Structures are given as C-alpha cells and as structure tokens.
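This is final-v9.csv (CSV, C-alpha atoms and all ligand atoms).
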```
chain,number,residue,atom,x,y,z
A,1,MET,CA,0.0,0.0,0.0
A,2,THR,CA,1.5,3.3,-1.1
A,3,THR,CA,-1.4,5.7,-0.7
A,4,GLU,CA,-3.3,6.8,2.3
A,5,ARG,CA,-6.9,5.4,2.4
A,6,ARG,CA,-10.1,6.5,3.9
A,7,VAL,CA,-11.8,4.0,6.2
A,8,ARG,CA,-15.3,4.2,7.7
A,9,LEU,CA,-16.4,2.0,10.6
A,10,HIS,CA,-20.1,1.4,11.6
A,11,PHE,CA,-20.8,0.4,15.2
A,12,ALA,CA,-23.9,-1.6,16.1
A,13,ASP,CA,-25.6,1.4,17.6
A,14,ASP,CA,-25.5,3.4,14.4
A,15,ALA,CA,-22.5,5.4,15.5
A,16,SER,CA,-19.7,5.6,13.0
A,17,GLY,CA,-16.3,7.0,12.5
A,18,GLU,CA,-14.1,7.9,9.6
A,19,PHE,CA,-10.3,8.2,9.5
A,20,ILE,CA,-7.3,8.0,7.3
A,21,VAL,CA,-5.0,4.9,7.2
A,22,GLN,CA,-1.4,5.7,6.3
A,23,PRO,CA,0.8,3.3,4.3
A,24,GLY,CA,2.1,0.5,6.5
A,25,GLN,CA,-0.5,1.2,9.2
A,26,THR,CA,-3.2,-1.4,10.2
A,27,VAL,CA,-6.8,-0.3,10.2
A,28,LEU,CA,-6.8,-1.0,14.0
A,29,GLU,CA,-3.8,1.3,14.6
A,30,ALA,CA,-5.3,4.1,12.6
A,31,GLY,CA,-8.7,3.8,14.2
A,32,LEU,CA,-7.2,3.9,17.7
A,33,LEU,CA,-5.1,6.9,16.8
A,34,ALA,CA,-8.3,8.6,15.6
A,35,GLY,CA,-9.8,8.0,19.0
A,36,LEU,CA,-12.4,5.4,18.1
A,37,PRO,CA,-13.6,3.1,20.8
A,38,LEU,CA,-12.4,-0.2,19.2
A,39,LEU,CA,-12.1,-3.5,21.0
A,40,TYR,CA,-8.8,-5.3,20.8
A,41,GLN,CA,-6.4,-7.3,22.9
A,42,CYS,CA,-3.5,-9.1,21.3
A,43,GLN,CA,-2.9,-7.0,18.2
A,44,SER,CA,-1.3,-10.2,16.7
A,45,GLY,CA,-4.3,-11.8,15.1
A,46,SER,CA,-4.9,-14.5,17.7
A,47,CYS,CA,-7.7,-13.3,20.0
A,48,GLY,CA,-10.4,-12.3,17.5
A,49,SER,CA,-11.3,-9.2,19.5
A,50,CYS,CA,-10.9,-6.9,16.6
A,51,LEU,CA,-13.1,-8.9,14.2
A,52,ALA,CA,-15.1,-6.8,11.8
A,53,THR,CA,-17.1,-7.3,8.6
A,54,LEU,CA,-15.7,-5.7,5.4
A,55,LEU,CA,-18.7,-4.1,3.6
A,56,ALA,CA,-16.9,-2.4,0.8
A,57,GLY,CA,-13.3,-2.1,-0.4
A,58,GLU,CA,-10.3,-4.3,-0.2
A,59,VAL,CA,-7.8,-5.0,2.5
A,60,ALA,CA,-4.4,-6.6,2.4
A,61,ASN,CA,-3.6,-9.0,5.2
A,62,CYS,CA,-0.4,-8.0,6.8
A,63,GLY,CA,0.5,-11.5,7.9
A,64,GLY,CA,0.8,-13.2,11.3
A,65,ALA,CA,-1.8,-15.5,12.8
A,66,GLY,CA,-4.5,-13.3,11.3
A,67,SER,CA,-4.0,-15.0,8.0
A,68,THR,CA,-5.5,-18.1,9.6
A,69,LEU,CA,-9.1,-16.9,9.4
A,70,LEU,CA,-11.1,-19.7,7.8
A,71,PRO,CA,-11.9,-19.4,4.1
A,72,SER,CA,-15.6,-19.4,5.0
A,73,GLU,CA,-15.0,-16.5,7.4
A,74,LEU,CA,-13.1,-14.5,4.8
A,75,ALA,CA,-15.7,-15.3,2.2
A,76,SER,CA,-18.4,-13.8,4.5
A,77,GLY,CA,-16.4,-10.6,4.9
A,78,ALA,CA,-14.7,-11.3,8.3
A,79,ARG,CA,-11.5,-9.4,8.8
A,80,LEU,CA,-9.2,-8.8,11.7
A,81,LEU,CA,-8.6,-5.1,11.9
A,82,CYS,CA,-5.2,-5.6,13.6
A,83,GLN,CA,-4.1,-7.7,10.6
A,84,SER,CA,-5.6,-5.5,7.9
A,85,GLU,CA,-4.1,-2.8,5.8
A,86,ALA,CA,-6.5,-0.9,3.6
A,87,ALA,CA,-5.7,-1.6,-0.1
A,88,THR,CA,-8.6,0.8,-1.2
A,89,ASP,CA,-11.0,3.0,0.7
A,90,CYS,CA,-13.0,0.6,2.9
A,91,VAL,CA,-16.2,0.4,5.0
A,92,PHE,CA,-16.5,-2.0,7.9
A,93,ALA,CA,-19.3,-3.0,10.3
A,94,LEU,CA,-18.6,-3.9,13.9
A,95,SER,CA,-20.8,-6.2,16.0
A,96,TYR,CA,-20.6,-4.0,19.2
A,97,SER,CA,-21.9,-0.6,20.1
A,98,SER,CA,-19.6,2.4,20.4
A,99,ALA,CA,-20.1,2.3,24.2
A,100,ALA,CA,-18.5,-1.1,24.5
A,101,GLY,CA,-15.0,0.0,23.8
A,102,GLN,CA,-15.1,3.1,25.9
A,103,SER,CA,-14.4,1.5,29.3
A,104,THR,CA,-11.2,2.4,31.1
A,105,VAL,CA,-9.4,-0.1,33.3
A,106,GLN,CA,-10.6,0.1,36.9
A,107,ARG,CA,-8.5,-1.0,39.9
A,108,ALA,CA,-10.1,-2.1,43.2
A,109,TYR,CA,-9.5,-4.1,46.3
A,110,ALA,CA,-11.9,-6.8,47.5
A,111,LEU,CA,-12.2,-9.0,50.6
A,112,VAL,CA,-12.6,-12.7,50.5
A,113,ASN,CA,-16.1,-13.7,51.7
A,114,ALA,CA,-15.8,-17.4,51.0
A,115,ILE,CA,-13.8,-20.0,49.2
A,116,ASP,CA,-16.0,-23.0,48.5
A,117,ALA,CA,-15.2,-26.2,46.6
A,118,VAL,CA,-18.0,-26.8,44.1
A,119,SER,CA,-16.5,-29.8,42.4
A,120,LEU,CA,-13.3,-31.8,42.4
A,121,ASP,CA,-11.3,-29.1,40.7
A,122,VAL,CA,-13.4,-25.9,40.8
A,123,VAL,CA,-13.8,-23.5,43.7
A,124,ARG,CA,-16.2,-20.6,44.0
A,125,LEU,CA,-14.4,-17.5,45.2
A,126,SER,CA,-16.8,-15.0,46.7
A,127,LEU,CA,-15.5,-11.5,47.0
A,128,GLU,CA,-16.8,-8.2,48.4
A,129,LEU,CA,-15.4,-4.9,47.2
A,130,ALA,CA,-13.6,-3.0,49.9
A,131,GLU,CA,-15.3,0.2,51.1
A,132,ASP,CA,-15.2,3.1,48.6
A,133,TYR,CA,-14.5,0.8,45.6
A,134,TRP,CA,-16.8,0.0,42.7
A,135,PHE,CA,-16.2,-2.2,39.7
A,136,ASP,CA,-18.3,-2.1,36.5
A,137,PHE,CA,-18.2,-4.9,34.0
A,138,ARG,CA,-20.5,-6.5,31.4
A,139,PRO,CA,-21.7,-10.0,31.9
A,140,GLY,CA,-19.2,-12.2,30.1
A,141,GLN,CA,-16.2,-9.9,30.5
A,142,TYR,CA,-13.2,-10.9,32.7
A,143,LEU,CA,-11.2,-9.3,35.4
A,144,ARG,CA,-7.6,-9.9,36.6
A,145,LEU,CA,-6.7,-10.8,40.2
A,146,ARG,CA,-3.2,-10.4,41.6
A,147,VAL,CA,-2.0,-13.6,43.3
A,148,PRO,CA,-1.4,-12.4,46.8
A,149,GLY,CA,2.3,-12.0,47.6
A,150,THR,CA,3.4,-12.1,44.0
A,151,ASP,CA,3.4,-9.9,40.9
A,152,ALA,CA,1.4,-12.6,39.0
A,153,TRP,CA,-2.1,-11.8,37.7
A,154,ARG,CA,-4.7,-14.3,36.7
A,155,SER,CA,-7.9,-13.8,34.6
A,156,TYR,CA,-11.4,-14.9,35.6
A,157,SER,CA,-14.9,-14.1,34.4
A,158,PRO,CA,-17.4,-13.4,37.1
A,159,SER,CA,-20.4,-15.7,37.2
A,160,SER,CA,-22.2,-12.8,38.9
A,161,THR,CA,-23.4,-9.5,37.4
A,162,THR,CA,-23.1,-5.9,38.6
A,163,HIS,CA,-26.6,-6.4,40.2
A,164,THR,CA,-25.0,-8.1,43.1
A,165,LEU,CA,-22.2,-5.6,43.6
A,166,PRO,CA,-20.3,-5.0,45.9
A,167,GLN,CA,-20.2,-8.8,45.8
A,168,ILE,CA,-18.5,-10.6,43.0
A,169,GLU,CA,-18.4,-14.3,42.4
A,170,LEU,CA,-15.7,-16.2,40.4
A,171,MET,CA,-15.3,-19.8,39.4
A,172,VAL,CA,-11.7,-20.9,39.6
A,173,ARG,CA,-10.4,-24.1,38.1
A,174,LEU,CA,-7.7,-25.6,40.3
A,175,ILE,CA,-4.5,-26.6,38.6
A,176,ASP,CA,-1.8,-28.7,40.2
A,177,GLY,CA,1.0,-26.3,41.2
A,178,GLY,CA,-0.8,-23.3,39.9
A,179,LEU,CA,0.0,-20.1,41.8
A,180,MET,CA,-3.6,-19.0,42.4
A,181,SER,CA,-4.7,-22.6,42.9
A,182,SER,CA,-2.1,-23.1,45.7
A,183,TRP,CA,-3.1,-19.8,47.3
A,184,LEU,CA,-6.8,-20.7,47.3
A,185,THR,CA,-6.4,-24.2,48.6
A,186,ARG,CA,-3.6,-23.6,51.2
A,187,GLU,CA,-3.5,-19.9,52.3
A,188,GLY,CA,-6.6,-18.0,51.3
A,189,ARG,CA,-8.8,-17.1,54.3
A,190,VAL,CA,-12.0,-15.1,54.8
A,191,ASP,CA,-11.3,-11.3,54.9
A,192,ASP,CA,-8.0,-11.6,53.0
A,193,VAL,CA,-7.6,-8.7,50.6
A,194,LEU,CA,-7.2,-9.2,46.9
A,195,GLU,CA,-6.3,-6.6,44.2
A,196,LEU,CA,-8.3,-6.7,41.0
A,197,GLU,CA,-8.4,-4.8,37.7
A,198,GLY,CA,-10.5,-4.8,34.6
A,199,ALA,CA,-12.9,-5.2,33.0
A,200,PHE,CA,-11.5,-6.8,29.9
A,201,GLY,CA,-12.6,-8.6,26.8
A,202,GLN,CA,-15.2,-8.5,24.0
A,203,PHE,CA,-17.1,-11.5,25.2
A,204,PHE,CA,-20.4,-10.1,26.2
A,205,LEU,CA,-24.1,-10.1,25.1
A,206,ARG,CA,-24.6,-8.4,21.8
A,207,GLU,CA,-27.6,-6.3,21.0
A,208,LYS,CA,-29.6,-9.0,19.2
A,209,LYS,CA,-32.4,-9.3,21.8
A,210,ARG,CA,-34.9,-11.4,19.9
A,211,ALA,CA,-32.5,-13.8,18.1
A,212,PRO,CA,-31.9,-17.3,19.6
A,213,HIS,CA,-28.9,-17.4,21.9
A,214,ILE,CA,-26.8,-20.5,22.0
A,215,PHE,CA,-24.2,-20.9,24.7
A,216,LEU,CA,-21.4,-23.5,24.5
A,217,ALA,CA,-19.5,-23.8,27.8
A,218,GLY,CA,-16.7,-26.1,28.8
A,219,GLY,CA,-15.6,-26.3,32.4
A,220,THR,CA,-15.3,-22.9,34.1
A,221,GLY,CA,-16.4,-21.4,30.8
A,222,LEU,CA,-19.8,-21.8,32.4
A,223,ALA,CA,-19.0,-18.7,34.7
A,224,PRO,CA,-19.6,-16.0,32.1
A,225,VAL,CA,-22.6,-17.9,30.7
A,226,LEU,CA,-24.2,-17.8,34.1
A,227,ALA,CA,-23.6,-14.1,34.2
A,228,MET,CA,-25.2,-13.7,30.8
A,229,LEU,CA,-28.2,-15.8,31.8
A,230,GLU,CA,-28.7,-13.6,34.8
A,231,SER,CA,-28.5,-10.5,32.6
A,232,LEU,CA,-31.1,-12.0,30.2
A,233,ARG,CA,-33.4,-13.0,33.2
A,234,ARG,CA,-33.4,-9.4,34.4
A,235,GLN,CA,-34.2,-7.9,31.0
A,236,GLY,CA,-37.8,-7.1,30.5
A,237,GLY,CA,-40.1,-8.5,27.8
A,238,LEU,CA,-40.2,-11.7,25.9
A,239,LYS,CA,-37.1,-13.9,26.2
A,240,PRO,CA,-35.5,-15.3,23.0
A,241,PRO,CA,-35.0,-19.1,22.6
A,242,LEU,CA,-32.0,-20.0,24.8
A,243,LEU,CA,-29.8,-23.1,24.6
A,244,VAL,CA,-27.0,-23.9,27.0
A,245,CYS,CA,-24.7,-26.8,26.2
A,246,PHE,CA,-22.3,-27.4,29.1
A,247,GLY,CA,-19.8,-30.1,29.7
A,248,CYS,CA,-17.0,-31.2,32.0
A,249,ARG,CA,-14.5,-34.0,31.8
A,250,SER,CA,-16.0,-36.2,34.6
A,251,GLU,CA,-19.0,-36.3,37.0
A,252,ALA,CA,-16.6,-35.3,39.8
A,253,SER,CA,-15.6,-32.1,37.9
A,254,LEU,CA,-19.2,-31.2,37.1
A,255,PHE,CA,-20.6,-28.1,38.8
A,256,GLY,CA,-23.3,-25.5,38.3
A,257,THR,CA,-26.1,-28.0,37.5
A,258,GLU,CA,-28.4,-26.7,40.2
A,259,GLN,CA,-27.9,-23.1,39.0
A,260,LEU,CA,-28.8,-24.1,35.5
A,261,ALA,CA,-31.9,-26.0,36.7
A,262,LEU,CA,-32.9,-22.8,38.5
A,263,TYR,CA,-32.5,-20.7,35.4
A,264,GLN,CA,-34.7,-23.2,33.5
A,265,GLN,CA,-37.5,-22.4,36.0
A,266,TRP,CA,-36.9,-18.6,35.6
A,267,LEU,CA,-36.4,-18.7,31.9
A,268,PRO,CA,-39.0,-21.0,30.2
A,269,THR,CA,-37.4,-20.6,26.8
A,270,LEU,CA,-34.1,-22.1,28.2
A,271,GLU,CA,-33.0,-25.6,27.1
A,272,VAL,CA,-30.0,-27.1,28.9
A,273,ARG,CA,-27.9,-30.0,27.7
A,274,ILE,CA,-25.2,-31.2,30.1
A,275,ALA,CA,-22.6,-33.7,28.9
A,276,VAL,CA,-19.8,-35.5,30.6
A,277,ASP,CA,-16.8,-36.9,28.7
A,278,GLU,CA,-15.6,-39.8,30.9
A,279,ALA,CA,-18.0,-42.3,32.5
A,280,PRO,CA,-21.2,-40.2,32.5
A,281,ALA,CA,-23.8,-41.0,35.1
A,282,PRO,CA,-26.9,-42.9,33.9
A,283,GLY,CA,-29.1,-40.6,32.0
A,284,ARG,CA,-26.4,-38.0,31.4
A,285,LEU,CA,-25.3,-37.2,27.9
A,286,ALA,CA,-21.9,-38.6,27.0
A,287,GLY,CA,-19.4,-36.4,25.2
A,288,THR,CA,-18.6,-32.7,25.0
A,289,PRO,CA,-20.8,-29.7,24.7
A,290,LEU,CA,-20.3,-29.8,21.0
A,291,SER,CA,-21.4,-33.4,20.7
A,292,THR,CA,-24.8,-32.4,22.0
A,293,LEU,CA,-25.4,-30.1,19.0
A,294,SER,CA,-26.8,-30.6,15.5
A,295,ALA,CA,-27.0,-28.3,12.5
A,296,ALA,CA,-30.8,-27.9,13.3
A,297,ASP,CA,-29.9,-25.9,16.4
A,298,PHE,CA,-28.5,-23.2,14.2
A,299,ALA,CA,-31.4,-23.1,11.7
A,300,HIS,CA,-32.4,-19.6,12.6
A,301,PRO,CA,-30.2,-17.3,10.4
A,302,ASP,CA,-29.9,-14.7,13.2
A,303,ALA,CA,-28.9,-17.1,16.0
A,304,VAL,CA,-26.0,-15.8,18.1
A,305,THR,CA,-23.6,-18.2,19.6
A,306,TYR,CA,-21.3,-17.6,22.6
A,307,VAL,CA,-18.5,-20.1,23.1
A,308,CYS,CA,-16.4,-20.2,26.2
A,309,GLY,CA,-14.0,-22.9,27.3
A,310,PRO,CA,-10.6,-24.4,26.6
A,311,PRO,CA,-8.9,-23.3,23.4
A,312,ALA,CA,-9.3,-26.8,21.8
A,313,MET,CA,-13.0,-26.6,22.4
A,314,VAL,CA,-13.4,-23.1,21.1
A,315,ASP,CA,-11.4,-24.0,17.9
A,316,ALA,CA,-13.4,-27.2,17.4
A,317,ALA,CA,-16.7,-25.2,17.8
A,318,GLN,CA,-15.6,-22.7,15.1
A,319,ILE,CA,-14.8,-25.5,12.7
A,320,LEU,CA,-18.0,-27.4,13.4
A,321,LEU,CA,-20.2,-24.4,13.2
A,322,GLY,CA,-18.4,-23.2,10.1
A,323,SER,CA,-19.1,-26.6,8.4
A,324,TRP,CA,-22.8,-26.0,9.1
A,325,GLY,CA,-22.6,-22.6,7.5
A,326,VAL,CA,-23.0,-20.6,10.6
A,327,ASN,CA,-22.0,-17.0,10.0
A,328,PRO,CA,-18.7,-16.5,11.9
A,329,LEU,CA,-19.7,-13.0,12.8
A,330,ARG,CA,-22.5,-14.4,14.9
A,331,ILE,CA,-20.1,-16.5,16.9
A,332,HIS,CA,-18.5,-14.8,19.9
A,333,SER,CA,-15.8,-16.7,21.8
A,334,GLU,CA,-13.5,-16.6,24.8
A,335,GLN,CA,-10.7,-19.0,25.4
A,336,PHE,CA,-10.0,-20.1,29.0
A,337,ALA,CA,-6.4,-21.2,28.8
A,338,PRO,CA,-4.2,-21.8,31.9
A,339,SER,CA,-1.4,-19.3,32.1
A,340,ALA,CA,2.1,-20.5,31.3
A,341,ALA,CA,2.9,-20.6,35.0
A,342,GLY,CA,-0.3,-22.4,35.9
A,343,GLN,CA,-3.6,-20.8,36.8
A,401,LIG,S1,-6.5,-7.7,18.5
A,401,LIG,FE1,-6.5,-9.8,18.8
A,401,LIG,S2,-7.0,-10.5,16.8
A,401,LIG,FE2,-6.8,-8.4,16.5
```
Could I get this file's structure written as structure tokens?
Ligand code: FES
Amino acid sequence: MTTERRVRLHFADDASGEFIVQPGQTVLEAGLLAGLPLLYQCQSGSCGSCLATLLAGEVANCGGAGSTLLPSELASGARLLCQSEAATDCVFALSYSSAAGQSTVQRAYALVNAIDAVSLDVVRLSLELAEDYWFDFRPGQYLRLRVPGTDAWRSYSPSSTTHTLPQIELMVRLIDGGLMSSWLTREGRVDDVLELEGAFGQFFLREKKRAPHIFLAGGTGLAPVLAMLESLRRQGGLKPPLLVCFGCRSEASLFGTEQLALYQQWLPTLEVRIAVDEAPAPGRLAGTPLSTLSAADFAHPDAVTYVCGPPAMVDAAQILLGSWGVNPLRIHSEQFAPSAAGQ
C-alpha cells in the first residue's frame, strides 16, 4: 500500500467514525489513533477481539496469525482489523456498540467472603469490594486478580453480574502447582484482601435481543454464561430461545447444574444440555458440549452463539459451526487457557 486510504467503521448502535489509514498502518492502529472506541487485545491476530465485517473495499492481510481466518470466514467478509491494511478506501461493520470499547481499566480491592469447593477441581471465590471501591463490567467480560504476595495476575470471568455488587463471584479451576490454585487451597482465608483490575474482553451479550442465543461452555467457561443468563433474566419483555450446552470431563468435575436448573425455572425458553466426557452417570449425555449439537440448532439465520472454554473446544466449535454454514460474525468466543505458569 503506497497511498493513504479513507476507512469508515459502523458500530452496532448506528454510531460511525471515519479516518485515514497511512501506508504501513493497520486499520486498527489508525482507528485507535483517531480515538475510536475499538475493541482489541493481542494485536497479533490470535484473540479475535478486533473482528469486523468488510462491507466495501479491499484489504491486504499484513500477515501473522490473522491470516489463519477460515476461508468461509473470509468469504463472508470477516477481517481482523489488527491484521488488515487498507488496499482501497474501505467500509467495515462492527458487531458491538460504540459504548462497548469506551471502558477504562478500573482498579479495586476486595475482601474474600468465602472459598467453596463446588467440584473436584473448581472453587467458587466470593468477594466483596472494599469500602469506597466499585467495579463495572459487562456479563461475560473478565477481570484480573493479583495472586497475593506475587506480581502474577490471573484472569477470571465473574459468574455474577453488577446487580450483586459489591459482591462478585468467580469460578476458579484448580490446577496442580498453579499459583492462584495453591493460594486458594492452602493460604486463602475469609477477609484476606485481593487486588483486582478490569474489566477486559469483548465476550459479552450483543444487541440481538430477539435472536436465539446458543451458549457453549466447557468447564469454568460456564461462569460468564451464568452471568449472561442472569442478565437476560433481568431484561424485561419476551425472552429469546436460549440453549446452553455445558460439559465437564467427569462427573466429579461437574458443577453449576443446580444453578442451570434454577435458570430453567426462571427462563421458560431455556433448554439445557449437560454432557460428561468420561463415565457419564446414567441418564447423562456422553461427550462434550459440541457433541450435544446438531445443525438444526442453528437453523435460525440470526442465531447468536457464545463459546467459552478451553482453546481446543473453542477452535473445534468454530470449525464445526463453520461446516454447518453458521455466520462466523454471529459466533463470539472466549478461550480459557491456563497461564504458562499455571492458573
Ligand atoms: S486484537 Fe487480537 S486478533 Fe486483533
């Protein structure tokens, strides 16, 4: 690209912004420099936060992991703004409102209210914000907690919503030797103080209120889904069709089933499918959240899918749904990967 190009971005709330992209600049870089509230995280093409739909014009992919968008995704116009240089003047659509990217990072302190084992390898960490602190987040977003006594931070999605503030509830998967896992199981006590920051991430409910919502959750990927269900429960009016497919490796690892049963009472349009991979109990579905699905679940063209779980599950979901012709722009995902040093 040798000439500057003009790019227009349309947000889901009808707000839009126009800016110039210089040669060698990505659309994301230029948009951020222009002060637009764009969502992004890695800037290396791997997280999908900056996904947009190309409505007009042409872009050149500037390489990196972003070039691994599936052919079906590219064919439907999906582009990663952090990997795109404008080859011509371009117009993009974004799936989130202009308010979504405007949040600034908040820092707060919270006291431990309880640490409860809810399965073999998951604990529920109940926090209460310290006096004079507040913490806004969207259901589905994540926050970071500093492991006490270290400079290490770990990321968790609240299973609660801002309606219960100053209380915040997190589901933490325990990992052998993990820094936070060790603290929670050996040292953490009621009234200990934790430092937190956030909120982060582009995994939150989109504005499609009437479209069917399909949630695919593996392990502690259920936490943000619970927060989203609570948010939907509190919204007025008719509820859209809702499907939650949730799975854990074993019966001993399974958690959250009572909460899901409660949501089925509160939300009559909610169907829940729970699967266990190894030795499922009699009557339980065998397999993974994905194995409970069929193409018919995605028959509605506007269905919105939220996928949260281990990277392998998220990748497999994108491939499976792609093979069924699901529009990738209606799939929102968050990967829960243990940190390199353990969770
Ligand atoms: S910011 Fe992560 S893919 Fe673009």
* Structure fact -> Using only C-alpha atoms, the best pick from A:Ala295, A:Leu285, A:Ala227, A:Leu329 as closest to A:Leu94 would be A:Leu329
* List all protein, DNA and RNA residues that have at least one atom no more than 9 Å from any atom of ligand LIG 401 (chain A), counting all atoms listed in the file, and write them as a list in words. =>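 Sorted by chain and then by number, the residues are Leu28, Leu39, Tyr40, Gln41, Cys42, Gln43, Ser44, Gly45, Ser46, Cys47, Gly48, Ser49, Cys50, Leu51, Ala65, Gly66, Leu80, Leu81, Cys82 and Gln83 of chain A.
For stretch 9-26 of chain A, the list of residues within 8 Å, based on all atoms listed in the file and with local chain neighbours fewer than 4 positions off taken out, reads Met1, Thr2, Thr3, Glu4, Arg5, Ala30, Gly31, Ala34, Leu36, Cys62, Leu81, Cys82, Gln83, Ser84, Glu85, Ala86, Val91, Phe92, Ala93, Leu94, Ser95, Tyr96, Ser97, Ser98 and Glu207 of chain A.
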Determine, using only C-alpha atoms, which residues of stretch 166-236 of chain A have any atom at most 6 Å from an atom of stretch 306-327 of chain A, and tabulate each with its shortest atom pair and distance in Å to one decimal place, rows ordered by chain and then rising number, as CSV.
```
residue,atom,partner,partner_atom,distance
A:Phe215,CA,A:Tyr306,CA,4.9
A:Leu216,CA,A:Val307,CA,4.7
A:Ala217,CA,A:Cys308,CA,5.0
A:Gly218,CA,A:Gly309,CA,4.4
A:Gly221,CA,A:Gly309,CA,4.5
```
* Using all atoms listed in the file, which residue out of A:Lys239, A:Arg249, A:Arg173, A:Arg206 lies closest to A:Pro268? ->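 Closest residue, counting all atoms listed in the file: A:Lys239.
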* **Selected residue, from A:Ala299, A:Ala78, A:Val172, A:Cys245, that lies nearest to A:Ile274 when counting only C-alpha atoms** =>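 Nearest candidate to A:Ile274 out of A:Ala299, A:Ala78, A:Val172, A:Cys245: A:Cys245.
If you measure from each of A:Leu55, A:Val7, A:Gly77, A:Arg330 to A:Pro301 using only C-alpha atoms, the closest one turns out to be A:Arg330.
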* Quick one: residues within 12 Å of (-5.2, -2.1, 43.8) (file frame), counting all atoms listed in the file, please, as a PyMOL selection string. => chain A and resi 105-111+129-130+133-135+144-148+151+153+193-198
* Radius query 10 Å about (-14.6, -19.8, 48.4), atoms used: only C-alpha atoms, as a ChimeraX atom specification -> /A:112-118,122-127,169-172,184-185,188-190
* To do: For atom CA of A:Thr269 and atom CA of A:Leu238, determine how far apart the two atoms are, in Å to one decimal place.
  =>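 Result for atom CA of A:Thr269 versus atom CA of A:Leu238: 9.4 Å, one decimal.
If you look at atom CA of A:Glu73 and atom CA of A:Leu54, they are 11.0 Å away from each other.
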* Asked: Do you have the atom CA of A:Gly247-atom CA of A:Arg210 distance handy?
  ->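 Rounded to one decimal, the two atoms are 26.0 Å apart.
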* Taking all atoms listed in the file into account, which of A:Ala337, A:Pro71, A:Asp121, A:Pro224 comes nearest A:Ser253? -> A:Asp121
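Nearest residue to A:Glu187, choosing from A:Arg284, A:Glu251, A:Phe298, A:Gly149 and counting all atoms listed in the file: A:Gly149.
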* If you count only C-alpha atoms, which residues fall within 9 Å of A:Cys248, apart from same-chain ones fewer than 4 positions away, as a list in words? -> Ala217, Gly218, Gly219, Thr220, Ala252, Ser253, Leu254, Phe255, Ile274, Ala275, Val276, Asp277, Glu278, Gly287, Thr288 and Pro289 of chain A
* Give me the residues within 10 Å of A:Thr257 as number ranges by chain, counting all atoms listed in the file and dropping any in the same chain fewer than 3 places off. => A: 246, 254, 260-263, 272, 274
* Could you name the residues that touch A:Ala303 at 7 Å or less, counting all atoms listed in the file, but leaving out those on the same chain fewer than 2 positions away, as a ChimeraX atom specification? -> /A:211-213,298,300-301,305
For stretch 143-160 of chain A, where the input has fewer atoms than it should, I would like N, CA and C atoms rebuilt and written as a compact mmCIF listing (two decimals), in the coordinates of the input.
```txt
# COMPACT_ATOMS: atom_id res chain seq x y z
N LEU A 143 -12.02 -10.17 34.61
CA LEU A 143 -11.20 -9.30 35.40
C LEU A 143 -9.88 -10.03 35.72
N ARG A 144 -8.91 -9.29 36.22
CA ARG A 144 -7.60 -9.90 36.60
C ARG A 144 -7.46 -9.76 38.10
N LEU A 145 -6.99 -10.83 38.74
CA LEU A 145 -6.70 -10.80 40.20
C LEU A 145 -5.21 -10.99 40.36
N ARG A 146 -4.65 -10.21 41.27
CA ARG A 146 -3.20 -10.40 41.60
C ARG A 146 -3.13 -11.57 42.61
N VAL A 147 -2.26 -12.53 42.32
CA VAL A 147 -2.00 -13.60 43.30
C VAL A 147 -1.35 -13.00 44.50
N PRO A 148 -1.95 -13.07 45.68
CA PRO A 148 -1.40 -12.40 46.80
C PRO A 148 0.11 -12.77 47.07
N GLY A 149 0.90 -11.75 47.35
CA GLY A 149 2.30 -12.00 47.60
C GLY A 149 3.18 -12.13 46.41
N THR A 150 2.60 -11.94 45.21
CA THR A 150 3.40 -12.10 44.00
C THR A 150 3.05 -10.93 43.03
N ASP A 151 3.77 -10.91 41.91
CA ASP A 151 3.40 -9.90 40.90
C ASP A 151 2.66 -10.62 39.73
N ALA A 152 2.16 -11.82 40.01
CA ALA A 152 1.40 -12.60 39.00
C ALA A 152 -0.04 -12.23 39.02
N TRP A 153 -0.62 -12.09 37.84
CA TRP A 153 -2.10 -11.80 37.70
C TRP A 153 -2.73 -12.95 36.98
N ARG A 154 -3.95 -13.26 37.36
CA ARG A 154 -4.70 -14.30 36.70
C ARG A 154 -6.08 -13.77 36.30
N SER A 155 -6.62 -14.29 35.20
CA SER A 155 -7.90 -13.80 34.60
C SER A 155 -9.04 -14.69 34.92
N TYR A 156 -10.15 -14.10 35.33
CA TYR A 156 -11.40 -14.90 35.60
C TYR A 156 -12.59 -14.07 35.20
N SER A 157 -13.60 -14.78 34.70
CA SER A 157 -14.90 -14.10 34.40
C SER A 157 -15.83 -14.29 35.54
N PRO A 158 -16.41 -13.21 36.02
CA PRO A 158 -17.40 -13.40 37.10
C PRO A 158 -18.60 -14.19 36.62
N SER A 159 -19.12 -15.01 37.52
CA SER A 159 -20.40 -15.70 37.20
C SER A 159 -21.54 -14.86 37.76
N SER A 160 -21.22 -13.77 38.43
CA SER A 160 -22.20 -12.80 38.90
C SER A 160 -22.30 -11.63 37.98
```
